[in-house]
$ cat query.cif   # mmCIF, C-alpha atoms
data_target
#
loop_
_atom_site.label_atom_id
_atom_site.label_comp_id
_atom_site.auth_asym_id
_atom_site.auth_seq_id
_atom_site.Cartn_x
_atom_site.Cartn_y
_atom_site.Cartn_z
CA MET X 1 -28.72 -25.37 -75.81
CA SER X 2 -31.29 -22.67 -76.62
CA ARG X 3 -32.16 -19.91 -74.16
CA ARG X 4 -35.84 -20.91 -74.41
CA PHE X 5 -35.03 -24.47 -73.38
CA LEU X 6 -32.99 -23.25 -70.38
CA GLU X 7 -35.91 -21.06 -69.30
CA LEU X 8 -38.28 -24.05 -69.44
CA ILE X 9 -35.89 -26.12 -67.32
CA GLY X 10 -35.74 -23.29 -64.76
CA VAL X 11 -39.54 -23.02 -64.58
CA ALA X 12 -39.88 -26.79 -64.17
CA ALA X 13 -37.33 -26.78 -61.32
CA VAL X 14 -39.25 -24.05 -59.50
CA ILE X 15 -42.54 -25.93 -59.87
CA MET X 16 -40.98 -29.14 -58.52
CA ALA X 17 -39.54 -27.27 -55.53
CA VAL X 18 -42.94 -25.73 -54.72
CA VAL X 19 -44.66 -29.10 -54.94
CA ALA X 20 -42.07 -30.61 -52.60
CA LEU X 21 -42.57 -27.84 -50.06
CA LEU X 22 -46.34 -28.23 -50.20
CA LYS X 23 -46.01 -31.93 -49.47
CA LEU X 24 -43.88 -31.14 -46.43
CA ALA X 25 -46.02 -28.31 -45.12
CA PRO X 26 -49.30 -28.96 -43.30
CA VAL X 27 -52.47 -27.16 -44.26
CA SER X 28 -52.76 -25.37 -40.93
CA VAL X 29 -50.37 -24.20 -38.26
CA ALA X 30 -50.80 -25.39 -34.70
CA GLY X 31 -51.26 -22.86 -31.97
CA PRO X 32 -54.40 -20.81 -31.37
CA THR X 33 -55.73 -21.34 -34.89
CA SER X 34 -58.64 -23.54 -33.91
CA LEU X 35 -61.77 -21.39 -33.77
CA GLY X 36 -62.56 -22.92 -30.41
CA SER X 37 -59.56 -21.14 -28.91
CA PHE X 38 -60.81 -17.67 -29.77
CA VAL X 39 -63.01 -15.53 -27.58
CA GLY X 40 -64.88 -14.37 -30.67
CA VAL X 41 -66.66 -17.74 -30.76
CA ALA X 42 -66.92 -18.26 -27.01
CA GLU X 43 -70.62 -19.02 -27.25
CA ALA X 44 -70.08 -21.85 -29.72
CA ALA X 45 -67.19 -23.20 -27.68
CA GLY X 46 -69.28 -23.54 -24.57
CA GLY X 47 -68.50 -20.24 -22.86
CA GLY X 48 -64.75 -20.69 -22.83
CA ALA X 49 -64.45 -22.85 -19.72
CA GLN X 50 -62.70 -25.79 -21.39
CA ALA X 51 -62.43 -24.90 -25.09
CA PRO X 52 -60.24 -27.29 -27.09
CA THR X 53 -56.92 -25.82 -28.16
CA ALA X 54 -54.67 -26.53 -31.08
CA THR X 55 -52.61 -28.85 -28.93
CA GLY X 56 -55.52 -31.27 -29.06
CA ARG X 57 -56.11 -31.00 -25.32
CA ALA X 58 -59.18 -29.66 -23.54
CA GLY X 59 -57.63 -27.25 -21.07
CA ALA X 60 -56.10 -29.06 -18.12
CA ALA X 61 -58.41 -32.06 -18.49
CA ALA X 62 -55.96 -34.20 -20.45
CA LYS X 63 -53.15 -35.79 -18.43
CA ALA X 64 -49.73 -35.05 -19.87
CA GLY X 65 -46.76 -37.40 -19.81
CA PRO X 66 -43.59 -36.76 -17.83
CA ALA X 67 -40.96 -34.19 -18.77
CA THR X 68 -38.10 -35.58 -20.84
CA LYS X 69 -34.30 -35.17 -20.92
CA THR X 70 -31.97 -34.33 -23.78
CA SER X 71 -29.53 -36.95 -25.04
CA TRP X 72 -26.79 -35.25 -22.96
CA GLY X 73 -28.88 -35.40 -19.77
CA GLU X 74 -30.34 -31.89 -19.35
CA PRO X 75 -34.07 -31.14 -18.95
CA ASP X 76 -35.55 -30.86 -22.44
CA LEU X 77 -37.24 -27.50 -23.04
CA GLN X 78 -37.33 -27.90 -26.80
CA GLY X 79 -40.40 -27.34 -28.94
CA ILE X 80 -42.79 -24.62 -30.00
CA TRP X 81 -44.73 -23.09 -27.14
CA THR X 82 -47.53 -20.60 -26.60
CA ASN X 83 -50.04 -19.66 -23.92
CA ASP X 84 -53.36 -21.41 -24.50
CA TYR X 85 -55.33 -18.92 -22.39
CA GLU X 86 -55.32 -15.18 -21.91
CA VAL X 87 -54.45 -13.83 -18.46
CA PRO X 88 -54.16 -10.09 -17.75
CA LEU X 89 -50.76 -8.87 -16.58
CA GLN X 90 -52.26 -6.91 -13.68
CA ARG X 91 -55.29 -7.74 -11.55
CA SER X 92 -58.38 -5.59 -11.97
CA ALA X 93 -59.58 -3.77 -8.85
CA ARG X 94 -62.86 -5.67 -9.25
CA TYR X 95 -61.05 -8.88 -8.28
CA ALA X 96 -58.75 -7.52 -5.56
CA ASN X 97 -57.16 -10.14 -3.31
CA ARG X 98 -58.44 -12.97 -5.51
CA GLU X 99 -55.97 -15.20 -7.32
CA PHE X 100 -58.51 -17.06 -9.45
CA PHE X 101 -61.71 -16.44 -11.40
CA THR X 102 -64.65 -18.79 -11.02
CA ASP X 103 -65.71 -20.70 -14.13
CA GLU X 104 -68.89 -18.59 -14.22
CA GLU X 105 -66.87 -15.36 -14.16
CA ARG X 106 -64.63 -16.59 -16.95
CA ALA X 107 -67.61 -17.46 -19.13
CA GLU X 108 -69.24 -14.07 -18.50
CA LEU X 109 -66.03 -12.13 -19.17
CA ASP X 110 -65.49 -14.10 -22.38
CA ARG X 111 -69.05 -13.22 -23.41
CA GLN X 112 -68.50 -9.51 -22.71
CA ARG X 113 -65.18 -9.41 -24.55
CA ALA X 114 -66.53 -11.31 -27.55
CA GLY X 115 -69.50 -8.92 -27.72
CA ALA X 116 -67.33 -5.80 -27.65
CA ILE X 117 -64.93 -7.16 -30.26
CA GLY X 118 -67.81 -8.26 -32.49
CA ARG X 119 -69.33 -4.77 -32.36
CA GLU X 120 -66.02 -3.05 -33.12
CA ALA X 121 -66.93 -2.30 -36.75
CA ASP X 122 -70.40 -0.99 -35.85
CA GLU X 123 -70.60 2.59 -37.15
CA SER X 124 -72.75 3.57 -34.17
CA ARG X 125 -69.67 3.22 -31.95
CA ARG X 126 -67.62 5.92 -33.66
CA LYS X 127 -67.84 8.63 -36.26
CA ARG X 128 -66.72 7.44 -39.67
CA GLY X 129 -63.69 9.35 -40.92
CA SER X 130 -62.73 10.64 -37.49
CA GLU X 131 -59.18 10.34 -36.18
CA GLN X 132 -60.43 7.76 -33.69
CA ASP X 133 -61.95 5.75 -36.55
CA VAL X 134 -58.63 5.81 -38.42
CA GLY X 135 -56.80 4.97 -35.18
CA GLY X 136 -58.70 1.67 -35.05
CA ALA X 137 -57.67 0.74 -38.58
CA TYR X 138 -57.77 -3.02 -38.04
CA ASN X 139 -60.93 -5.01 -37.50
CA ALA X 140 -59.84 -6.76 -34.32
CA ALA X 141 -62.34 -9.59 -34.73
CA ILE X 142 -60.44 -10.66 -37.86
CA PHE X 143 -56.85 -9.50 -37.50
CA THR X 144 -56.08 -10.16 -33.85
CA THR X 145 -56.10 -13.17 -31.53
CA HIS X 146 -58.40 -13.26 -28.51
CA LYS X 147 -58.09 -16.40 -26.44
CA HIS X 148 -60.38 -17.68 -23.76
CA LEU X 149 -59.71 -16.31 -20.30
CA GLY X 150 -57.54 -18.39 -17.99
CA ARG X 151 -58.23 -19.11 -14.33
CA ARG X 152 -55.76 -16.66 -12.81
CA THR X 153 -56.72 -13.03 -12.29
CA SER X 154 -53.20 -11.77 -13.08
CA LEU X 155 -49.85 -12.96 -14.38
CA ILE X 156 -48.22 -11.05 -11.52
CA VAL X 157 -47.87 -13.33 -8.50
CA ASP X 158 -45.76 -11.00 -6.37
CA PRO X 159 -46.72 -8.51 -4.97
CA PRO X 160 -49.75 -10.50 -3.78
CA ASP X 161 -52.15 -7.79 -4.99
CA GLY X 162 -51.25 -8.66 -8.58
CA LYS X 163 -50.19 -5.09 -9.41
CA ILE X 164 -46.98 -3.59 -10.77
CA PRO X 165 -45.31 -1.84 -7.80
CA PRO X 166 -45.49 1.98 -7.60
CA LEU X 167 -42.96 4.04 -9.53
CA THR X 168 -40.11 5.67 -7.68
CA ALA X 169 -40.09 9.47 -7.37
CA GLU X 170 -37.39 9.60 -10.07
CA ALA X 171 -39.45 7.51 -12.50
CA GLN X 172 -42.60 9.55 -11.78
CA LYS X 173 -40.75 12.76 -12.59
CA LYS X 174 -39.47 11.33 -15.85
CA ARG X 175 -42.89 10.02 -16.86
CA ALA X 176 -44.55 13.37 -16.01
CA ALA X 177 -42.03 15.25 -18.20
CA ILE X 178 -42.69 12.94 -21.14
CA ARG X 179 -46.46 13.14 -20.64
CA ALA X 180 -46.39 16.94 -20.52
CA PHE X 181 -44.51 17.00 -23.81
CA GLN X 182 -46.98 14.57 -25.38
CA LEU X 183 -49.95 16.66 -24.22
CA ALA X 184 -48.44 19.87 -25.56
CA LEU X 185 -48.22 18.36 -29.03
CA VAL X 186 -51.82 17.11 -29.01
CA GLN X 187 -53.49 20.13 -27.40
CA ALA X 188 -54.63 21.71 -30.70
CA THR X 189 -56.33 18.56 -31.98
CA ASP X 190 -59.85 17.21 -31.66
CA VAL X 191 -58.59 14.85 -28.97
CA CYS X 192 -58.41 17.79 -26.54
CA LYS X 193 -61.19 19.79 -28.16
CA ASN X 194 -63.60 16.92 -27.53
CA ASN X 195 -62.06 16.09 -24.15
CA LEU X 196 -61.24 12.49 -25.15
CA PRO X 197 -59.27 10.10 -22.91
CA GLY X 198 -56.06 10.84 -24.82
CA CYS X 199 -56.11 14.39 -23.42
CA VAL X 200 -56.44 13.49 -19.73
CA GLY X 201 -54.22 15.94 -17.86
CA GLY X 202 -54.15 18.43 -20.74
CA LYS X 203 -56.41 21.08 -22.24
CA TYR X 204 -57.47 22.36 -25.64
CA GLY X 205 -55.56 25.31 -27.02
CA PRO X 206 -53.58 26.71 -29.96
CA PRO X 207 -50.61 24.82 -31.42
CA SER X 208 -47.82 24.64 -28.86
CA SER X 209 -44.41 26.19 -29.41
CA ARG X 210 -43.02 22.95 -28.00
CA ARG X 211 -43.58 21.29 -31.38
CA ALA X 212 -40.11 22.51 -32.34
CA GLU X 213 -38.44 21.24 -29.16
CA THR X 214 -36.26 18.20 -28.70
CA PRO X 215 -38.08 15.69 -26.43
CA PRO X 216 -36.99 15.74 -22.77
CA TYR X 217 -35.88 12.07 -23.01
CA TYR X 218 -35.30 9.53 -25.73
CA LEU X 219 -38.85 8.48 -26.49
CA THR X 220 -39.97 4.88 -26.51
CA VAL X 221 -43.27 4.96 -24.63
CA GLY X 222 -46.51 5.99 -26.33
CA PRO X 223 -49.34 8.09 -24.90
CA SER X 224 -51.11 5.01 -23.54
CA GLY X 225 -48.11 3.96 -21.49
CA GLY X 226 -47.24 0.95 -23.64
CA PRO X 227 -43.98 0.23 -25.48
CA GLY X 228 -44.22 2.82 -28.19
CA GLY X 229 -47.68 3.93 -29.16
CA GLY X 230 -51.14 4.63 -27.89
CA GLY X 231 -54.28 4.40 -29.99
CA GLY X 232 -53.46 5.87 -33.38
CA GLY X 233 -49.76 5.01 -33.23
CA GLY X 234 -46.76 7.19 -32.62
CA VAL X 235 -44.91 8.26 -29.51
CA ILE X 236 -45.69 11.96 -29.93
CA ASN X 237 -48.05 13.84 -32.24
CA ARG X 238 -45.31 14.73 -34.70
CA SER X 239 -43.43 13.05 -37.53
CA ASP X 240 -40.23 15.05 -37.89
CA ASN X 241 -38.06 11.92 -37.85
CA PRO X 242 -38.32 8.16 -37.18
CA GLU X 243 -37.73 8.67 -33.45
CA ASP X 244 -41.00 10.62 -33.19
CA ARG X 245 -42.83 7.45 -34.12
CA SER X 246 -43.43 4.32 -32.06
CA LEU X 247 -41.12 1.34 -31.66
CA GLY X 248 -43.84 -0.73 -33.31
CA GLU X 249 -43.89 1.49 -36.39
CA ARG X 250 -40.10 1.19 -36.49
CA CYS X 251 -40.24 -2.63 -36.21
CA MET X 252 -38.48 -2.49 -32.84
CA ALA X 253 -41.32 -3.28 -30.41
CA ALA X 254 -40.23 -6.79 -29.34
CA VAL X 255 -39.36 -6.67 -25.65
CA LEU X 256 -37.87 -8.88 -22.96
CA PRO X 257 -39.61 -10.20 -20.95
CA ASP X 258 -42.44 -11.00 -23.36
CA PHE X 259 -45.75 -12.34 -22.03
CA GLY X 260 -47.59 -12.47 -25.35
CA GLY X 261 -50.26 -10.26 -26.81
CA ASN X 262 -53.30 -10.09 -29.05
CA THR X 263 -51.26 -10.26 -32.28
CA GLY X 264 -49.79 -13.68 -31.63
CA PHE X 265 -47.06 -15.24 -29.51
CA PHE X 266 -44.99 -18.35 -30.13
CA LEU X 267 -41.60 -19.41 -28.80
CA GLN X 268 -39.39 -22.00 -30.46
CA ILE X 269 -36.74 -23.41 -28.11
CA VAL X 270 -33.73 -25.34 -29.41
CA GLN X 271 -30.98 -26.70 -27.14
CA SER X 272 -27.43 -27.89 -27.53
CA PRO X 273 -24.79 -28.58 -24.87
CA GLY X 274 -23.87 -25.20 -23.40
CA THR X 275 -26.47 -23.15 -25.32
CA VAL X 276 -30.22 -22.54 -25.39
CA SER X 277 -31.72 -20.72 -28.37
CA ILE X 278 -35.20 -19.14 -28.31
CA PHE X 279 -36.92 -17.67 -31.33
CA TYR X 280 -39.70 -15.24 -30.35
CA ASP X 281 -42.45 -14.95 -32.97
CA THR X 282 -44.32 -12.06 -31.42
CA GLY X 283 -46.29 -8.96 -32.31
CA GLN X 284 -46.87 -7.98 -35.92
CA GLY X 285 -43.75 -9.47 -37.45
CA GLN X 286 -41.53 -8.46 -34.51
CA GLY X 287 -39.77 -11.82 -34.36
CA TRP X 288 -36.25 -12.09 -32.97
CA GLN X 289 -33.65 -14.68 -32.09
CA ARG X 290 -32.21 -15.04 -28.59
CA ILE X 291 -29.06 -16.98 -27.69
CA ILE X 292 -28.52 -17.92 -24.03
CA PRO X 293 -25.03 -19.22 -23.16
CA VAL X 294 -25.22 -21.76 -20.34
CA THR X 295 -21.99 -20.85 -18.65
CA ALA X 296 -20.29 -19.64 -15.49
CA SER X 297 -18.67 -16.80 -17.44
CA PRO X 298 -19.50 -13.28 -16.23
CA HIS X 299 -21.75 -10.81 -18.02
CA LEU X 300 -20.40 -8.45 -20.65
CA PRO X 301 -18.67 -5.29 -19.35
CA SER X 302 -21.23 -2.79 -18.05
CA HIS X 303 -20.52 -0.31 -20.87
CA VAL X 304 -21.62 -2.86 -23.50
CA ARG X 305 -25.39 -2.46 -23.86
CA GLN X 306 -27.73 -4.56 -26.01
CA TRP X 307 -31.35 -4.23 -27.08
CA TRP X 308 -32.44 -7.43 -25.31
CA GLY X 309 -29.72 -7.35 -22.68
CA ASP X 310 -27.01 -9.91 -21.98
CA SER X 311 -28.19 -13.37 -20.89
CA ARG X 312 -26.26 -15.93 -18.82
CA GLY X 313 -27.87 -19.28 -18.03
CA ARG X 314 -27.25 -22.04 -15.50
CA TRP X 315 -29.11 -25.20 -14.45
CA GLU X 316 -30.55 -25.48 -10.95
CA GLY X 317 -31.93 -29.01 -10.87
CA ASP X 318 -34.60 -29.20 -13.59
CA THR X 319 -34.84 -25.41 -13.96
CA LEU X 320 -32.92 -23.20 -16.40
CA VAL X 321 -32.13 -19.98 -14.54
CA VAL X 322 -31.22 -17.03 -16.77
CA ASP X 323 -29.78 -13.77 -15.45
CA VAL X 324 -30.25 -10.81 -17.82
CA THR X 325 -28.54 -7.41 -17.50
CA ASN X 326 -26.89 -4.78 -19.74
CA PHE X 327 -30.02 -3.46 -21.45
CA SER X 328 -29.79 -0.48 -23.77
CA PRO X 329 -31.17 2.90 -22.59
CA LYS X 330 -33.24 2.90 -25.79
CA THR X 331 -35.16 -0.26 -24.88
CA TYR X 332 -38.31 -0.09 -22.77
CA PHE X 333 -40.25 -2.37 -20.47
CA GLN X 334 -43.06 -0.93 -18.34
CA GLY X 335 -41.02 2.22 -17.63
CA SER X 336 -37.65 0.52 -17.12
CA GLN X 337 -34.76 0.92 -19.52
CA GLU X 338 -31.01 0.44 -19.03
CA ASN X 339 -31.27 -0.54 -15.35
CA LEU X 340 -33.65 -3.45 -15.94
CA HIS X 341 -32.52 -6.73 -14.35
CA LEU X 342 -34.29 -10.04 -14.94
CA VAL X 343 -33.94 -13.44 -13.31
CA GLU X 344 -35.86 -15.94 -15.44
CA ARG X 345 -36.73 -19.51 -14.47
CA TRP X 346 -37.72 -21.99 -17.20
CA THR X 347 -39.09 -25.29 -15.83
CA ARG X 348 -40.52 -28.21 -17.84
CA LEU X 349 -43.44 -29.35 -15.67
CA ASP X 350 -44.55 -32.19 -17.91
CA ALA X 351 -44.53 -33.23 -21.57
CA ASN X 352 -46.94 -30.43 -22.53
CA THR X 353 -46.10 -27.60 -20.13
CA VAL X 354 -43.26 -25.18 -19.40
CA GLU X 355 -43.56 -22.73 -16.52
CA TYR X 356 -41.87 -19.40 -17.16
CA ALA X 357 -41.28 -17.27 -14.06
CA VAL X 358 -39.37 -14.00 -14.04
CA ARG X 359 -38.31 -11.69 -11.24
CA ILE X 360 -38.20 -8.11 -12.53
CA GLU X 361 -36.24 -5.42 -10.76
CA ASP X 362 -35.02 -1.87 -11.30
CA SER X 363 -34.57 0.24 -8.19
CA THR X 364 -34.60 3.43 -10.28
CA THR X 365 -38.07 2.62 -11.67
CA TRP X 366 -40.08 0.62 -9.09
CA THR X 367 -40.21 0.70 -5.33
CA ARG X 368 -39.74 -3.07 -5.15
CA PRO X 369 -39.10 -6.08 -7.42
CA TRP X 370 -42.04 -8.00 -8.85
CA THR X 371 -42.61 -11.48 -10.25
CA VAL X 372 -44.64 -12.87 -13.14
CA LYS X 373 -45.52 -16.50 -13.89
CA LEU X 374 -46.73 -17.71 -17.28
CA GLU X 375 -47.71 -21.22 -18.31
CA LEU X 376 -46.64 -22.17 -21.83
CA ASN X 377 -48.25 -25.07 -23.69
CA LYS X 378 -46.51 -27.24 -26.26
CA GLN X 379 -47.66 -27.09 -29.86
CA ILE X 380 -47.65 -30.02 -32.27
CA ASP X 381 -44.13 -30.49 -33.70
CA GLN X 382 -45.35 -32.19 -36.89
CA ALA X 383 -47.81 -29.40 -37.73
CA ASN X 384 -45.19 -26.71 -37.15
CA ARG X 385 -42.27 -28.04 -39.18
CA ILE X 386 -42.33 -24.97 -41.41
CA TYR X 387 -42.86 -22.32 -38.84
CA LYS X 388 -41.44 -18.82 -38.79
CA GLU X 389 -41.86 -15.90 -41.10
CA PRO X 390 -41.06 -12.78 -39.07
CA ARG X 391 -41.64 -9.67 -41.10
CA CYS X 392 -42.59 -6.10 -40.42
CA HIS X 393 -43.76 -4.21 -43.47
CA GLU X 394 -44.45 -1.08 -41.42
CA GLY X 395 -40.70 -0.52 -41.18
CA ASN X 396 -39.99 -1.45 -44.78
CA TYR X 397 -42.61 0.78 -46.39
CA GLY X 398 -44.98 2.40 -43.93
CA LEU X 399 -42.53 4.54 -41.98
CA PRO X 400 -40.85 6.24 -44.96
CA ALA X 401 -44.28 6.87 -46.47
CA LEU X 402 -45.49 8.33 -43.16
CA LEU X 403 -42.58 10.79 -43.05
CA VAL X 404 -43.07 11.75 -46.71
CA GLY X 405 -46.77 12.30 -46.03
CA ALA X 406 -45.94 14.58 -43.09
CA ARG X 407 -43.72 16.73 -45.30
CA ALA X 408 -46.49 16.92 -47.92
CA GLU X 409 -48.97 18.10 -45.26
CA GLU X 410 -46.54 20.81 -44.16
CA ARG X 411 -46.13 22.04 -47.75
CA ALA X 412 -49.88 22.05 -48.31
CA PHE X 413 -50.41 24.15 -45.16
CA ALA X 414 -47.64 26.58 -46.13
CA GLU X 415 -49.28 27.04 -49.54
CA GLY X 416 -52.77 27.49 -48.07
CA ARG X 417 -54.03 24.17 -49.40
CA GLY X 418 -54.50 22.26 -46.17
CA PRO X 419 -54.96 22.44 -42.39
CA ASP X 420 -52.21 23.10 -39.90
CA PRO X 421 -50.58 19.70 -39.20
CA ALA X 422 -50.47 20.68 -35.52
CA THR X 423 -54.27 20.40 -35.45
CA GLN X 424 -54.25 16.86 -36.87
CA CYS X 425 -53.76 13.86 -34.58
CA THR X 426 -51.35 11.07 -35.55
CA ALA X 427 -50.43 9.75 -32.09
CA GLY X 428 -52.47 9.08 -28.98
CA CYS X 429 -55.73 9.83 -30.76
CA GLY X 430 -57.58 6.92 -29.21
CA GLY X 431 -59.58 4.36 -31.11
CA PHE X 432 -60.42 0.72 -30.68
CA ALA X 433 -57.12 -0.92 -29.78
CA ALA X 434 -57.58 -4.70 -29.86
CA GLY X 435 -61.29 -4.15 -30.53
CA PHE X 436 -62.08 -2.29 -27.30
CA ALA X 437 -63.07 1.34 -26.74
CA ASP X 438 -60.86 3.63 -24.66
CA ASP X 439 -63.39 3.76 -21.83
CA GLY X 440 -66.98 2.98 -20.89
CA GLU X 441 -68.96 -0.21 -21.36
CA GLU X 442 -67.21 -1.00 -24.65
CA SER X 443 -63.76 -1.03 -22.99
CA ASN X 444 -61.96 -4.22 -22.07
CA PRO X 445 -63.70 -5.56 -18.93
CA LEU X 446 -60.36 -6.94 -17.72
CA ALA X 447 -58.89 -3.42 -17.61
CA ARG X 448 -61.70 -1.61 -15.82
#

$ encode --input "query.cif" --output "structure tokens"
Amino acid sequence: MSRRFLELIGVAAVIMAVVALLKLAPVSVAGPTSLGSFVGVAEAAGGGAQAPTATGRAGAAAKAGPATKTSWGEPDLQGIWTNDYEVPLQRSARYANREFFTDEERAELDRQRAGAIGREADESRRKRGSEQDVGGAYNAAIFTTHKHLGRRTSLIVDPPDGKIPPLTAEAQKKRAAIRAFQLALVQATDVCKNNLPGCVGGKYGPPSSRRAETPPYYLTVGPSGGPGGGGGGGVINRSDNPEDRSLGERCMAAVLPDFGGNTGFFLQIVQSPGTVSIFYDTGQGQGWQRIIPVTASPHLPSHVRQWWGDSRGRWEGDTLVVDVTNFSPKTYFQGSQENLHLVERWTRLDANTVEYAVRIEDSTTWTRPWTVKLELNKQIDQANRIYKEPRCHEGNYGLPALLVGARAEERAFAEGRGPDPATQCTAGCGGFAAGFADDGEESNPLAR
């Protein structure tokens, strides 16, 4: 048989396989892909009060059927789930002591958010070519998801004020040391020269000698206080090694617990007797697989630490209760690391709804435990048969290129061909994260 003939057979087989896959796959993926579920078209969707979602339901108006059981008799949590509405983690001071927004407030906040996001690319908002312009590299109106606002004013239900409890003295000291190091490395840049929000607590000056120091702690938290990167990326304004950069740039930003974000959030739950599996499709390709043994066996020994901790599940009536300990000191959640302890409660409320509640505690980080509740809505199984494609090209290509670029900048400066890298901002520069300005009227109204 000729080589040419074998090649033709191979090409034909590939074409047939592609055709078969296309017949199986739907044109669109369920979830918040319907334009009506995005804030950016809140006006067309009627102000966001009851915009249709990809589940085919109009908010809470449609009555769902009862929750089901698995063939072996346990509550059935299986399916692909997401949050149909956006709810801020913490309650804004403007809505203190209020658990719910009015429908009028939701419509107005949707209008304000849609307006700010829609104006994100307007050159009048920022100077073209500035570090802040580069820091907002994505057009948020196109590349990120903005859902209509939900009724609740915060995901946090305890404490009653809807706020994360105060940090302990130990955690404050640690955070202050990290912040001082971050400020030292940005003090010679335009961020401090122009007194931008990224320099709050610092001052403009010559390049700091601390640029050569080892950080005071293993760095995971970016200048904005999030898990690895403020506006402009990076943990600190330096690129000596991968650990200087953010967890997101290193493809390690997925956290537990995860309450979703503006770059997408889907959970796929699969059950078998004695095991619950959850795939988290979250962030920009930060997907990960979680296995929860449903067992009375104890946790792993305390010296065994894992990125997403060690989970042990049990059934309490219709609720899956999951105890999570043994986190790694290199993970990060709102200031907590190896001492984080979670007690999760997964409850199927009806055919279309799972309530996720989690008690979060770390006595070395917060002055008291706190609790979050999140409602997850079922997505169409048929439309999501071919579902996950977690990928993170930043880690495959972007990070090595970033480090190579930093070395090239250092050589150019040494040879008199370029500016001092210490005067250039690559972390905490500010910008338009998620389409909002750092402060002022163009900032996120839910964070003011």

$ atom_distance --input "query.cif" --atom1 "CA of Arg106 in chain X" --atom2 "CA of Glu86 in chain X"
10.6 Å

$ closest_residue --input "query.cif" --among "X:Lys163, X:Ser297, X:Leu256, X:Cys251" --to "Tyr280 in chain X" --atoms "only C-alpha atoms"
X:Leu256

$ closest_residue --input "query.cif" --among "X:Asp190, X:Asp350, X:Asp362, X:Asp110" --to "Gly428 in chain X" --atoms "only C-alpha atoms"
X:Asp190

$ residues_near_point --input "query.cif" --point "(-37.6, -4.2, -2.2)" --cutoff "12 Å" --atoms "all atoms listed in the file" --output "NGL selection string"
:X and (158-159 or 165-166 or 168 or 359-371)

$ resolve_selection --input "query.cif" --expression "the PyMOL selection byres ((chain X and resi 284) around 7)" --output "PDB file with C-alpha atoms, keeping the file's coordinate frame"
ATOM      1  CA  THR X 263     -51.260 -10.260 -32.280  1.00  0.00           C
ATOM      2  CA  THR X 282     -44.320 -12.060 -31.420  1.00  0.00           C
ATOM      3  CA  GLY X 283     -46.290  -8.960 -32.310  1.00  0.00           C
ATOM      4  CA  GLY X 285     -43.750  -9.470 -37.450  1.00  0.00           C
ATOM      5  CA  GLN X 286     -41.530  -8.460 -34.510  1.00  0.00           C
ATOM      6  CA  CYS X 392     -42.590  -6.100 -40.420  1.00  0.00           C
TER       7      CYS X 392
END

$ resolve_selection --input "query.cif" --expression "the PyMOL selection byres ((chain X and resi 79) around 7)" --output "PyMOL selection string"
chain X and resi 77-78+80-81+268-270+378+381

$ atom_distance --input "query.cif" --atom1 "CA of His303 in chain X" --atom2 "CA of Ser336 in chain X"
17.6 Å

$ resolve_selection --input "query.cif" --expression "the PyMOL selection byres ((chain X and resi 68) around 10)" --output "count of residues only"
16

$ atom_distance --input "query.cif" --atom1 "CA of Ser302 in chain X" --atom2 "CA of Gln337 in chain X"
14.1 Å

$ closest_residue --input "query.cif" --among "X:Arg407, X:Lys373, X:Lys193, X:Lys174" --to "Ile156 in chain X" --atoms "only C-alpha atoms"
X:Lys373

$ closest_residue --input "query.cif" --among "X:Glu344, X:Glu316, X:Glu99, X:Glu249" --to "Ile292 in chain X" --atoms "all atoms listed in the file"
X:Glu344

$ closest_residue --input "query.cif" --among "X:Leu267, X:His299, X:Arg250, X:Lys173" --to "Arg391 in chain X" --atoms "all atoms listed in the file"
X:Arg250

$ closest_residue --input "query.cif" --among "X:Leu374, X:Ile380, X:Ala406, X:Leu247" --to "Gln424 in chain X" --atoms "only C-alpha atoms"
X:Ala406

$ axis_aligned_box --input "query.cif" --around "range 393-412 of chain X" --padding-each-side "6 Å" --output "JSON"
{"center_x": -44.9, "center_y": 8.9, "center_z": -44.7, "size_x": 21.9, "size_y": 38.3, "size_z": 19.1}
